[in-house]
There are 2 protein chains.
Amino acid sequence: MTDTIKYLLPEERIPRAWYNIAADLPAPPPPLHPGTGQPIGPADLSAIFPMALIAQEVSAEREIEIPDPVREVYKLWRPAPLYRARRLEKALDTPARIFYKYEGVSPSGSHKPNTAVAQAFYNKEAGITKLSTETGAGQWGSSLAFAGQLFGIEVKVYMVKVSFNQKPYRRALMETYGATCIASPSTETNSGRAILDMDPDSPGSLGIAISEAVEVAATNPDTNYALGSVLNHVLIHQSVIGIEAIEQMEMAGHWPDVVIGCAGGGSNFAGIAFPFIGKRLREGKSVRVIAAEPAACPSLTRGEYAYDFGDTGHLTPLVKMHTLGSTFIPPAFHAGGLRYHGMAPMVSHLKELGLIEAKAVRQLPCFDAGVTFARAEGIVPAPESTHAVRVAFDEALRCKAEGKAETILFNLSGHGHFDMQAYTDYFAGKLEDRDYDEAKLRQALDELPKVAA
Amino acid sequence: MTDTIKYLLPEERIPRAWYNIAADLPAPPPPLHPGTGQPIGPADLSAIFPMALIAQEVSAEREIEIPDPVREVYKLWRPAPLYRARRLEKALDTPARIFYKYEGVSPSGSHKPNTAVAQAFYNKEAGITKLSTETGAGQWGSSLAFAGQLFGIEVKVYMVKVSFNQKPYRRALMETYGATCIASPSTETNSGRAILDMDPDSPGSLGIAISEAVEVAATNPDTNYALGSVLNHVLIHQSVIGIEAIEQMEMAGHWPDVVIGCAGGGSNFAGIAFPFIGKRLREGKSVRVIAAEPAACPSLTRGEYAYDFGDTGHLTPLVKMHTLGSTFIPPAFHAGGLRYHGMAPMVSHLKELGLIEAKAVRQLPCFDAGVTFARAEGIVPAPESTHAVRVAFDEALRCKAEGKAETILFNLSGHGHFDMQAYTDYFAGKLEDRDYDEAKLRQALDELPKVAA
């Protein structure tokens, strides 16, 4: 019996079309204009997005062709490998079969380039020469920097100031890829200046950085805005993960009983899960799907399903999603990519439809699982990805208790090479599980915008 | 015409045997016992190495079978991809065809696990339960930590104290893989205590760390020593790089005119180069081979070919190699993996035989090339690897000047995710090209041990 089983697809099996789950579902509630309260149209978005992406955002087509230049760039690292985690199964002494799809093989080390490359391509086609965006921990900013460089687009990244100062290496990666990285709040935008007037020492937040990036795009005709999660077109681009995984699981001869992804904004979770859910919806194949979210920022398990803003500056449309409130500030923890108050509207829609489960997990058990995984399989997971690892462990241990040989598949969305401070803190005993403030959550939920049903 | 061309081999094409270039060459000068001045025998090495590795060290067999358990672990990341760098060719506007073999896909991010896994396996087979080693920048230490974990061997790494303090993330990676990492000089060994008695604030050196690791192995029956470069058996294990690359270049339909690797101790250089040189020796295929070394530590271009110690503590056998003298201290620069006073005896032997060229390059032009490479191909090279990138650039620009469409192949030995401080310094204009001290080099060469010819 072999210890290492890796399922590799040949290059020509990079998907030729993305999967759009909207084709297989009742329509979700539409985004609303924050001023009028009416559903927004393409014109409302055209100041900051190219029409091709707006069309994908509202598309009901099941398959959306992947342009050749995007597939060309995907070839740098795709198809991504899928592994059977045989050594991990032994370490956990479980009868379960554990598989993981590994997206850390991309140049920036996560799944984010799957959409960054597509967004850079469509913007280039539309004659756009500059893109602005925000980043927290830096996974998204570095991915867009990489994609922009390949398509000759200047990328400006507003990075949350506290991360800008604490994570100089992600910033260096963005600069290596030719992007400009600016600490947010900055003096470059009205949004940033307004915050600095009130608090010159503001550490910034993802909400503030989004406001800055959107403002720059809205006020400069040559500049568009790019978002790394939440929106439908982003989730559609990430479907390459699950489409490849379905083919690789067929190679393995096992259909998963459980599919798991970590969920912050929801993009890597949707990427692995939606193609499997599509098979369930169209072909009746049964599969449990679990979103693993941080207990300190539990939008799916503790948020309300309500219309809310995507940013704290309230520049974005109102979208119906599971949200902790746009004024909710989660406690500090190491998975910066999961510290977002809302969940992608389409993921939220599936939760309401009963098509997915959600489970909130604390960071210490996540790092425990991450270290066990690294010692068994060699790959050090990103702090975000350890949430998926943790839930996969829990399912594998359930299988052990129940004596069931179920098949578990999870998405390992990225490696932790840029996050070793978190592991250092973990080994030094400095990590703790901090709860969010229940009273502040109540307050943030009370402050949700009032929208007629 | 496609932009991305990646040559992937199926898993069953992981080599079944390593290549030993000693079979195709006149015998090199033997290692000598430092006490007697006589050639050493297997018994002299058996206190710190298992017999299987000692046998490989002196083997004249061309092919050495790779044990199945080692191939099983190789499957986690091998066969490693080989790319045609089409975007880089365009960026350099060169008629040359540029190919690179990428070894950064391993769990620790470099070529080092190719030998770490083999060494852990043979030690395990010999009943050894603990391995000691040294590490500078940390590439080797983290690779042995990974390999030891998989085979159930405890790994203790003596890390040069200045790196231990400056590079906490490599240390965290070793600990994630379950190894113990100790700042050297330490109070745990006679070698360490002797240094600390003289200088309690000693920043340490690779030579001191080697002395500590060797002492621990020599004085504990359950502990062996592992070295990440220089020795024949290490170079043999790295031959998987070149064996795969030959098959991939055949897929590409081009035999390389030039093969390039960076060279510190010589292991990744030998890994890519020796199998090609073997083809030249046995089949008359012409190929130029260039070792790219740092101008600040230029053993091949400025060292003497002489018997010298491998460590500063003079615990190792005397080996004939190109050396700057074991007391030579190179100036600080960012490619810690290339800061070694000597060159592998077998690489030195090939240099004397006229089978390879060597070129010394400075770190600023190396980082220039590394950034251009990252922007074209997406992968951020390790500082060590930028030396190979630089020489590949120089060859490509020569081809442009001469109007020649030559084929250039280089080894991209690792990624730079753990070395972003170097890129940060580069962008901040803080990097400089410091020369070594000519007078101190003279003095170190004058202090070479006197050995009868």
# chains A, B, ... in the order shown; residues from 1 in each chain; ligands from 1
>>> residues_around(residues="Ile54 in chain B", least_positions_apart="5", cutoff="8 Å", atoms="only C-alpha atoms", output="JSON, numbers by chain")
{"B": [42, 45, 46, 49, 233]}
>>> interface_residues(of="chain A", to="chain B", cutoff="7 Å", atoms="only C-alpha atoms", output="MDAnalysis selection string")
chainID A and resid 2:4 72:73 75:76 107 146 149:150 169 172 176:177 371 374:376 378:379 417:418 420:421 423:424
>>> write_last_selection(atoms="N, CA, C and O atoms", output="CSV table (one decimal), in the first residue's frame")
chain,number,residue,atom,x,y,z
A,2,THR,N,0.6,2.2,-0.9
A,2,THR,CA,1.4,3.3,-1.0
A,2,THR,C,0.9,4.4,0.0
A,2,THR,O,-0.2,4.5,0.4
A,3,ASP,N,1.9,5.2,0.5
A,3,ASP,CA,1.6,6.2,1.4
A,3,ASP,C,1.2,7.6,0.8
A,3,ASP,O,0.4,8.3,1.4
A,4,THR,N,1.7,7.8,-0.4
A,4,THR,CA,1.4,9.1,-1.0
A,4,THR,C,0.5,8.8,-2.2
A,4,THR,O,0.9,8.1,-3.1
A,72,GLU,N,-4.4,30.4,-20.1
A,72,GLU,CA,-2.9,30.4,-20.3
A,72,GLU,C,-2.2,30.7,-19.0
A,72,GLU,O,-1.2,30.1,-18.6
A,73,VAL,N,-2.8,31.7,-18.2
A,73,VAL,CA,-2.1,32.0,-16.9
A,73,VAL,C,-2.4,30.9,-15.9
A,73,VAL,O,-1.5,30.5,-15.2
A,75,LYS,N,-2.4,28.0,-16.4
A,75,LYS,CA,-1.4,26.9,-16.6
A,75,LYS,C,-0.2,27.0,-15.8
A,75,LYS,O,0.5,26.0,-15.6
A,76,LEU,N,0.1,28.2,-15.3
A,76,LEU,CA,1.3,28.3,-14.5
A,76,LEU,C,1.3,27.4,-13.2
A,76,LEU,O,2.3,27.0,-12.7
A,107,PRO,N,1.2,31.1,-7.6
A,107,PRO,CA,2.4,32.0,-7.3
A,107,PRO,C,2.2,32.7,-6.0
A,107,PRO,O,3.2,32.9,-5.2
A,146,PHE,N,0.0,40.2,-8.7
A,146,PHE,CA,0.6,39.3,-9.6
A,146,PHE,C,-0.2,39.3,-10.9
A,146,PHE,O,0.4,39.4,-12.0
A,149,GLN,N,0.3,42.6,-13.0
A,149,GLN,CA,1.6,42.6,-13.6
A,149,GLN,C,1.5,41.9,-15.0
A,149,GLN,O,2.1,42.3,-16.0
A,150,LEU,N,0.9,40.7,-15.0
A,150,LEU,CA,0.9,39.9,-16.2
A,150,LEU,C,0.1,40.5,-17.3
A,150,LEU,O,0.4,40.3,-18.5
A,169,TYR,N,6.1,41.4,5.0
A,169,TYR,CA,6.5,40.5,3.9
A,169,TYR,C,5.5,40.3,2.9
A,169,TYR,O,5.8,40.1,1.7
A,172,ALA,N,6.0,43.3,0.8
A,172,ALA,CA,7.2,43.1,-0.1
A,172,ALA,C,6.8,42.3,-1.3
A,172,ALA,O,7.2,42.5,-2.4
A,176,THR,N,7.1,43.3,-5.0
A,176,THR,CA,7.9,42.5,-6.0
A,176,THR,C,7.1,42.3,-7.3
A,176,THR,O,7.7,42.2,-8.4
A,177,TYR,N,5.8,42.1,-7.1
A,177,TYR,CA,5.0,42.0,-8.3
A,177,TYR,C,4.6,43.3,-9.0
A,177,TYR,O,3.8,43.4,-9.9
A,371,VAL,N,-1.0,21.9,12.8
A,371,VAL,CA,0.3,21.4,13.1
A,371,VAL,C,0.3,19.8,12.9
A,371,VAL,O,1.3,19.3,12.3
A,374,ALA,N,0.5,19.4,9.2
A,374,ALA,CA,1.8,19.7,8.6
A,374,ALA,C,2.8,18.5,8.9
A,374,ALA,O,3.6,18.1,8.0
A,375,ARG,N,2.7,17.9,10.1
A,375,ARG,CA,3.6,16.8,10.4
A,375,ARG,C,3.3,15.6,9.6
A,375,ARG,O,4.2,14.7,9.4
A,376,ALA,N,2.0,15.4,9.2
A,376,ALA,CA,1.7,14.2,8.5
A,376,ALA,C,1.9,14.4,7.0
A,376,ALA,O,2.3,13.5,6.3
A,378,GLY,N,3.2,17.4,5.4
A,378,GLY,CA,4.3,18.2,4.9
A,378,GLY,C,4.0,19.6,4.6
A,378,GLY,O,4.8,20.5,4.6
A,379,ILE,N,2.7,19.9,4.3
A,379,ILE,CA,2.3,21.3,4.0
A,379,ILE,C,1.8,22.0,5.2
A,379,ILE,O,1.0,21.5,5.9
A,417,HIS,N,3.3,30.1,4.6
A,417,HIS,CA,4.7,30.6,4.7
A,417,HIS,C,4.7,32.0,5.1
A,417,HIS,O,5.8,32.5,5.6
A,418,PHE,N,3.7,32.8,4.8
A,418,PHE,CA,3.7,34.2,5.2
A,418,PHE,C,3.1,34.5,6.5
A,418,PHE,O,2.9,35.6,6.9
A,420,MET,N,4.0,32.7,9.5
A,420,MET,CA,4.7,31.9,10.5
A,420,MET,C,4.7,32.5,11.9
A,420,MET,O,4.9,31.9,12.9
A,421,GLN,N,4.4,33.9,11.9
A,421,GLN,CA,4.3,34.5,13.2
A,421,GLN,C,3.2,33.9,14.0
A,421,GLN,O,3.3,33.7,15.3
A,423,TYR,N,2.2,30.8,13.9
A,423,TYR,CA,2.7,29.5,14.4
A,423,TYR,C,3.7,29.7,15.6
A,423,TYR,O,3.8,29.0,16.5
A,424,THR,N,4.6,30.8,15.4
A,424,THR,CA,5.5,31.1,16.5
A,424,THR,C,4.7,31.4,17.8
A,424,THR,O,5.1,30.9,18.8
>>> select_by_dssp(residues="range 136-266 of chain B", states="strand (DSSP E)", output="list in words")
Glu154, Val155, Lys156, Val157, Tyr158, Met159, Val160, Thr180, Cys181, Ile182, Ala183, Ser184, Thr223, Asn224, Tyr225, Val258, Val259, Ile260, Gly261 and Cys262 of chain B
>>> write_last_selection(atoms="N, CA, C and O atoms", output="PDB file, in the first residue's frame")
ATOM      1  N   GLU B 154      13.827  11.927  15.734  1.00  0.00           N
ATOM      2  CA  GLU B 154      13.945  13.239  16.374  1.00  0.00           C
ATOM      3  C   GLU B 154      15.062  14.029  15.708  1.00  0.00           C
ATOM      4  O   GLU B 154      16.172  13.501  15.523  1.00  0.00           O
ATOM      5  N   VAL B 155      14.802  15.280  15.406  1.00  0.00           N
ATOM      6  CA  VAL B 155      15.809  16.105  14.744  1.00  0.00           C
ATOM      7  C   VAL B 155      16.162  17.298  15.626  1.00  0.00           C
ATOM      8  O   VAL B 155      15.278  17.986  16.142  1.00  0.00           O
ATOM      9  N   LYS B 156      17.459  17.471  15.831  1.00  0.00           N
ATOM     10  CA  LYS B 156      17.946  18.627  16.590  1.00  0.00           C
ATOM     11  C   LYS B 156      18.801  19.474  15.648  1.00  0.00           C
ATOM     12  O   LYS B 156      19.757  18.978  15.038  1.00  0.00           O
ATOM     13  N   VAL B 157      18.431  20.738  15.529  1.00  0.00           N
ATOM     14  CA  VAL B 157      19.100  21.626  14.578  1.00  0.00           C
ATOM     15  C   VAL B 157      19.843  22.731  15.319  1.00  0.00           C
ATOM     16  O   VAL B 157      19.226  23.487  16.088  1.00  0.00           O
ATOM     17  N   TYR B 158      21.154  22.812  15.110  1.00  0.00           N
ATOM     18  CA  TYR B 158      21.936  23.929  15.634  1.00  0.00           C
ATOM     19  C   TYR B 158      21.914  25.046  14.592  1.00  0.00           C
ATOM     20  O   TYR B 158      22.468  24.891  13.503  1.00  0.00           O
ATOM     21  N   MET B 159      21.239  26.120  14.939  1.00  0.00           N
ATOM     22  CA  MET B 159      21.056  27.220  13.982  1.00  0.00           C
ATOM     23  C   MET B 159      21.953  28.379  14.385  1.00  0.00           C
ATOM     24  O   MET B 159      21.934  28.820  15.547  1.00  0.00           O
ATOM     25  N   VAL B 160      22.725  28.870  13.428  1.00  0.00           N
ATOM     26  CA  VAL B 160      23.636  29.989  13.671  1.00  0.00           C
ATOM     27  C   VAL B 160      22.873  31.097  14.408  1.00  0.00           C
ATOM     28  O   VAL B 160      21.813  31.526  13.969  1.00  0.00           O
ATOM     29  N   THR B 180      13.639  20.237  17.160  1.00  0.00           N
ATOM     30  CA  THR B 180      14.139  21.159  18.169  1.00  0.00           C
ATOM     31  C   THR B 180      15.199  22.037  17.523  1.00  0.00           C
ATOM     32  O   THR B 180      16.091  21.530  16.841  1.00  0.00           O
ATOM     33  N   CYS B 181      15.088  23.325  17.725  1.00  0.00           N
ATOM     34  CA  CYS B 181      16.015  24.258  17.096  1.00  0.00           C
ATOM     35  C   CYS B 181      16.733  25.029  18.196  1.00  0.00           C
ATOM     36  O   CYS B 181      16.098  25.617  19.076  1.00  0.00           O
ATOM     37  N   ILE B 182      18.076  24.997  18.159  1.00  0.00           N
ATOM     38  CA  ILE B 182      18.887  25.568  19.242  1.00  0.00           C
ATOM     39  C   ILE B 182      19.836  26.610  18.660  1.00  0.00           C
ATOM     40  O   ILE B 182      20.487  26.365  17.638  1.00  0.00           O
ATOM     41  N   ALA B 183      19.909  27.758  19.323  1.00  0.00           N
ATOM     42  CA  ALA B 183      20.842  28.789  18.870  1.00  0.00           C
ATOM     43  C   ALA B 183      22.274  28.319  19.108  1.00  0.00           C
ATOM     44  O   ALA B 183      22.599  27.821  20.191  1.00  0.00           O
ATOM     45  N   SER B 184      23.122  28.470  18.112  1.00  0.00           N
ATOM     46  CA  SER B 184      24.524  28.054  18.211  1.00  0.00           C
ATOM     47  C   SER B 184      25.428  29.271  18.129  1.00  0.00           C
ATOM     48  O   SER B 184      25.234  30.113  17.257  1.00  0.00           O
ATOM     49  N   THR B 223      22.495   8.796  18.063  1.00  0.00           N
ATOM     50  CA  THR B 223      22.403  10.007  17.248  1.00  0.00           C
ATOM     51  C   THR B 223      23.403   9.971  16.100  1.00  0.00           C
ATOM     52  O   THR B 223      24.573   9.657  16.307  1.00  0.00           O
ATOM     53  N   ASN B 224      22.940  10.258  14.910  1.00  0.00           N
ATOM     54  CA  ASN B 224      23.828  10.453  13.774  1.00  0.00           C
ATOM     55  C   ASN B 224      23.788  11.908  13.329  1.00  0.00           C
ATOM     56  O   ASN B 224      22.969  12.696  13.793  1.00  0.00           O
ATOM     57  N   TYR B 225      24.692  12.220  12.402  1.00  0.00           N
ATOM     58  CA  TYR B 225      24.807  13.577  11.873  1.00  0.00           C
ATOM     59  C   TYR B 225      24.309  13.576  10.428  1.00  0.00           C
ATOM     60  O   TYR B 225      24.451  12.573   9.713  1.00  0.00           O
ATOM     61  N   VAL B 258      23.316  25.477 -22.611  1.00  0.00           N
ATOM     62  CA  VAL B 258      23.893  25.931 -21.345  1.00  0.00           C
ATOM     63  C   VAL B 258      23.013  25.444 -20.196  1.00  0.00           C
ATOM     64  O   VAL B 258      21.791  25.566 -20.261  1.00  0.00           O
ATOM     65  N   VAL B 259      23.647  24.901 -19.148  1.00  0.00           N
ATOM     66  CA  VAL B 259      22.935  24.518 -17.926  1.00  0.00           C
ATOM     67  C   VAL B 259      23.554  25.296 -16.766  1.00  0.00           C
ATOM     68  O   VAL B 259      24.782  25.348 -16.631  1.00  0.00           O
ATOM     69  N   ILE B 260      22.694  25.891 -15.928  1.00  0.00           N
ATOM     70  CA  ILE B 260      23.153  26.811 -14.883  1.00  0.00           C
ATOM     71  C   ILE B 260      22.540  26.439 -13.536  1.00  0.00           C
ATOM     72  O   ILE B 260      21.354  26.136 -13.447  1.00  0.00           O
ATOM     73  N   GLY B 261      23.353  26.484 -12.492  1.00  0.00           N
ATOM     74  CA  GLY B 261      22.831  26.328 -11.132  1.00  0.00           C
ATOM     75  C   GLY B 261      23.611  27.239 -10.212  1.00  0.00           C
ATOM     76  O   GLY B 261      24.787  27.534 -10.460  1.00  0.00           O
ATOM     77  N   CYS B 262      22.970  27.705  -9.126  1.00  0.00           N
ATOM     78  CA  CYS B 262      23.726  28.468  -8.136  1.00  0.00           C
ATOM     79  C   CYS B 262      24.517  27.481  -7.282  1.00  0.00           C
ATOM     80  O   CYS B 262      24.133  26.319  -7.136  1.00  0.00           O
TER      81      CYS B 262
END
>>> residues_around(residues="range 205-209 of chain A", least_positions_apart="5", cutoff="10 Å", atoms="only C-alpha atoms", output="JSON, numbers by chain")
{"A": [133, 134, 135, 136, 137, 157, 158, 159, 160, 161, 162, 163, 182, 183, 184, 185, 186, 191, 192, 195, 214, 215, 309, 310, 311, 312, 313, 314, 315, 326, 327, 329, 336, 339, 340, 341]}
>>> atom_distance(atom1="CA of Ala296 in chain B", atom2="CA of Ala358 in chain B")
14.0 Å
>>> closest_residue(among="B:Val240, B:Ile408, B:Ala263, B:Ala444", to="Arg84 in chain B", atoms="only C-alpha atoms")
B:Ile408
>>> atom_distance(atom1="CA of Pro29 in chain A", atom2="CA of Gln56 in chain A")
16.3 Å
>>> atom_distance(atom1="CA of Val389 in chain A", atom2="CA of Ser110 in chain A")
15.1 Å
>>> residues_around(residues="range 113-118 of chain B", least_positions_apart="2", cutoff="7 Å", atoms="only C-alpha atoms", output="list of chain:residue names")
B:Val70, B:His111, B:Ala120, B:Phe121, B:Tyr122, B:Ser143, B:Leu144, B:Ala147, B:Val234, B:His237, B:Gln238
>>> closest_residue(among="A:Ala273, A:Met174, A:Met249, A:Pro345", to="Ala27 in chain A", atoms="only C-alpha atoms")
A:Pro345
